Amino acid sequence: MEMYQAARRHFGHQGWWPGDGALEICIGAILTQNTNWKNVEKAIANLKSAGLMSISAIHSTPVEKLAELIRPTGYFNIKARRLKNFIKHAYETAGDDIEAFLDKPLSELRAELLSISGIGRETADSIILYAAGKPTFVVDAYTYRILLRHGLISDDYDYEMIKELLESSLPEDVELFNDFHAQFVAVGKNYCRPKPQCKGCPLEYLPHDIHAGEEF
DNA sequence: GACCAGGCACATC
DNA sequence: GATGTGCATGGT
């Protein structure tokens, strides 16, 4: 919590997800896999201008055409398939109604998303938190790196362990989970690079010797 | 030119 | 279960 407050003082409220509507958030979550968000924005703009911002429209579009439109995100062939997989599942279970698709208990939705090829844990949690508005903590490469550098986890922590640590250390609150993850990304982009460049990091005064599992 | 970016599935041991 | 590899564009 202390870490969140320090970041928030520096960056302010982030107001994520940068996207418009639940379906666009789901699409963005898939397209941003291992990819800069700027490239995702271009791809989403391409989809929009092609009139492909509904489940049914994407469902009836050939995967080759989707691949061409999302080219800027990299991995475009595989991501086109992943997007189709997600859309096919949503279409078959909820038709054109993304809200209806997302409207189910968190654990059920998570299991369903994870069963789709191309939706892993981070993508599933991003969809659950930012599109469905349910309290799950999104762990990403920045989260791992920042917690590691602060000695809050060891390098053998996997995704579920980090998620558990954060969720058990914080009040279960959608707004908090939402903005905290956004703060992790803001800190990570600006200060916590793979090659350490921690100068000026708003978290740098925080103690680095706290042991994992303790409140912070 | 090297390195990085809000991962994931699959092969192999 | 852990480790390695392919996927690919665009910015610094």
# chains A, B, ... in the order shown; residues from 1 in each chain; ligands from 1
call {"tool": "interface_residues", "arguments": {"of": "chain C", "to": "chain A", "cutoff": "10 Å", "atoms": "only C-alpha atoms (C1' of nucleotides)", "output": "MDAnalysis selection string"}}
result
chainID C and resid 6:11
call {"tool": "write_last_selection", "arguments": {"atoms": "C-alpha atoms (C1' of nucleotides)", "output": "tab-separated table (two decimals), in the first residue's frame"}}
result
chain	number	residue	atom	x	y	z
C	6	DG	C1'	8.95	-19.16	-32.42
C	7	DC	C1'	6.14	-15.45	-33.22
C	8	DA	C1'	7.34	-9.92	-35.81
C	9	DT	C1'	6.51	-4.83	-35.86
C	10	DG	C1'	8.05	-0.24	-34.36
C	11	DG	C1'	10.52	2.93	-31.13
call {"tool": "closest_atom_pairs", "arguments": {"of": "chain B", "to": "chain A", "cutoff": "10 Å", "atoms": "only C-alpha atoms (C1' of nucleotides)", "output": "CSV"}}
result
residue,atom,partner,partner_atom,distance
B:DC3,C1',A:Pro194,CA,9.9
B:DC4,C1',A:Pro194,CA,8.4
B:DA5,C1',A:Asn36,CA,4.4
B:DG6,C1',A:Asp140,CA,6.4
B:DG7,C1',A:Gln33,CA,4.8
B:DC8,C1',A:Gly118,CA,6.0
B:DA9,C1',A:Gly118,CA,7.4
call {"tool": "write_last_selection", "arguments": {"atoms": "C-alpha atoms (C1' of nucleotides)", "output": "PDB file, in the first residue's frame"}}
result
ATOM      1  C1'  DC B   3      17.580  -4.028 -27.286  1.00  0.00           C
ATOM      2  C1'  DC B   4      12.992  -3.666 -25.669  1.00  0.00           C
ATOM      3  C1'  DA B   5       7.825  -3.800 -25.559  1.00  0.00           C
ATOM      4  C1'  DG B   6       1.663  -4.317 -20.430  1.00  0.00           C
ATOM      5  C1'  DG B   7       2.759 -13.052 -23.425  1.00  0.00           C
ATOM      6  C1'  DC B   8       1.499 -17.401 -24.953  1.00  0.00           C
ATOM      7  C1'  DA B   9       1.596 -22.097 -26.771  1.00  0.00           C
TER       8       DA B   9
END
call {"tool": "atom_distance", "arguments": {"atom1": "CA of Leu152 (chain A)", "atom2": "CA of Leu106 (chain A)"}}
result
27.0 Å
call {"tool": "select_by_dssp", "arguments": {"residues": "region 18-160 of chain A", "states": "alpha helix (DSSP H)", "output": "PyMOL selection string"}}
result
chain A and resi 22-31+37-49+55-59+63-69+76-94+98-102+106-114+121-126+141-149+159-160
call {"tool": "atom_distance", "arguments": {"atom1": "CA of Gly51 (chain A)", "atom2": "CA of Ser115 (chain A)"}}
result
27.9 Å
call {"tool": "closest_residue", "arguments": {"among": "A:Val40, A:Gly28, A:Ser60, A:Asp97", "to": "Ala124 (chain A)", "atoms": "only C-alpha atoms"}}
result
A:Gly28
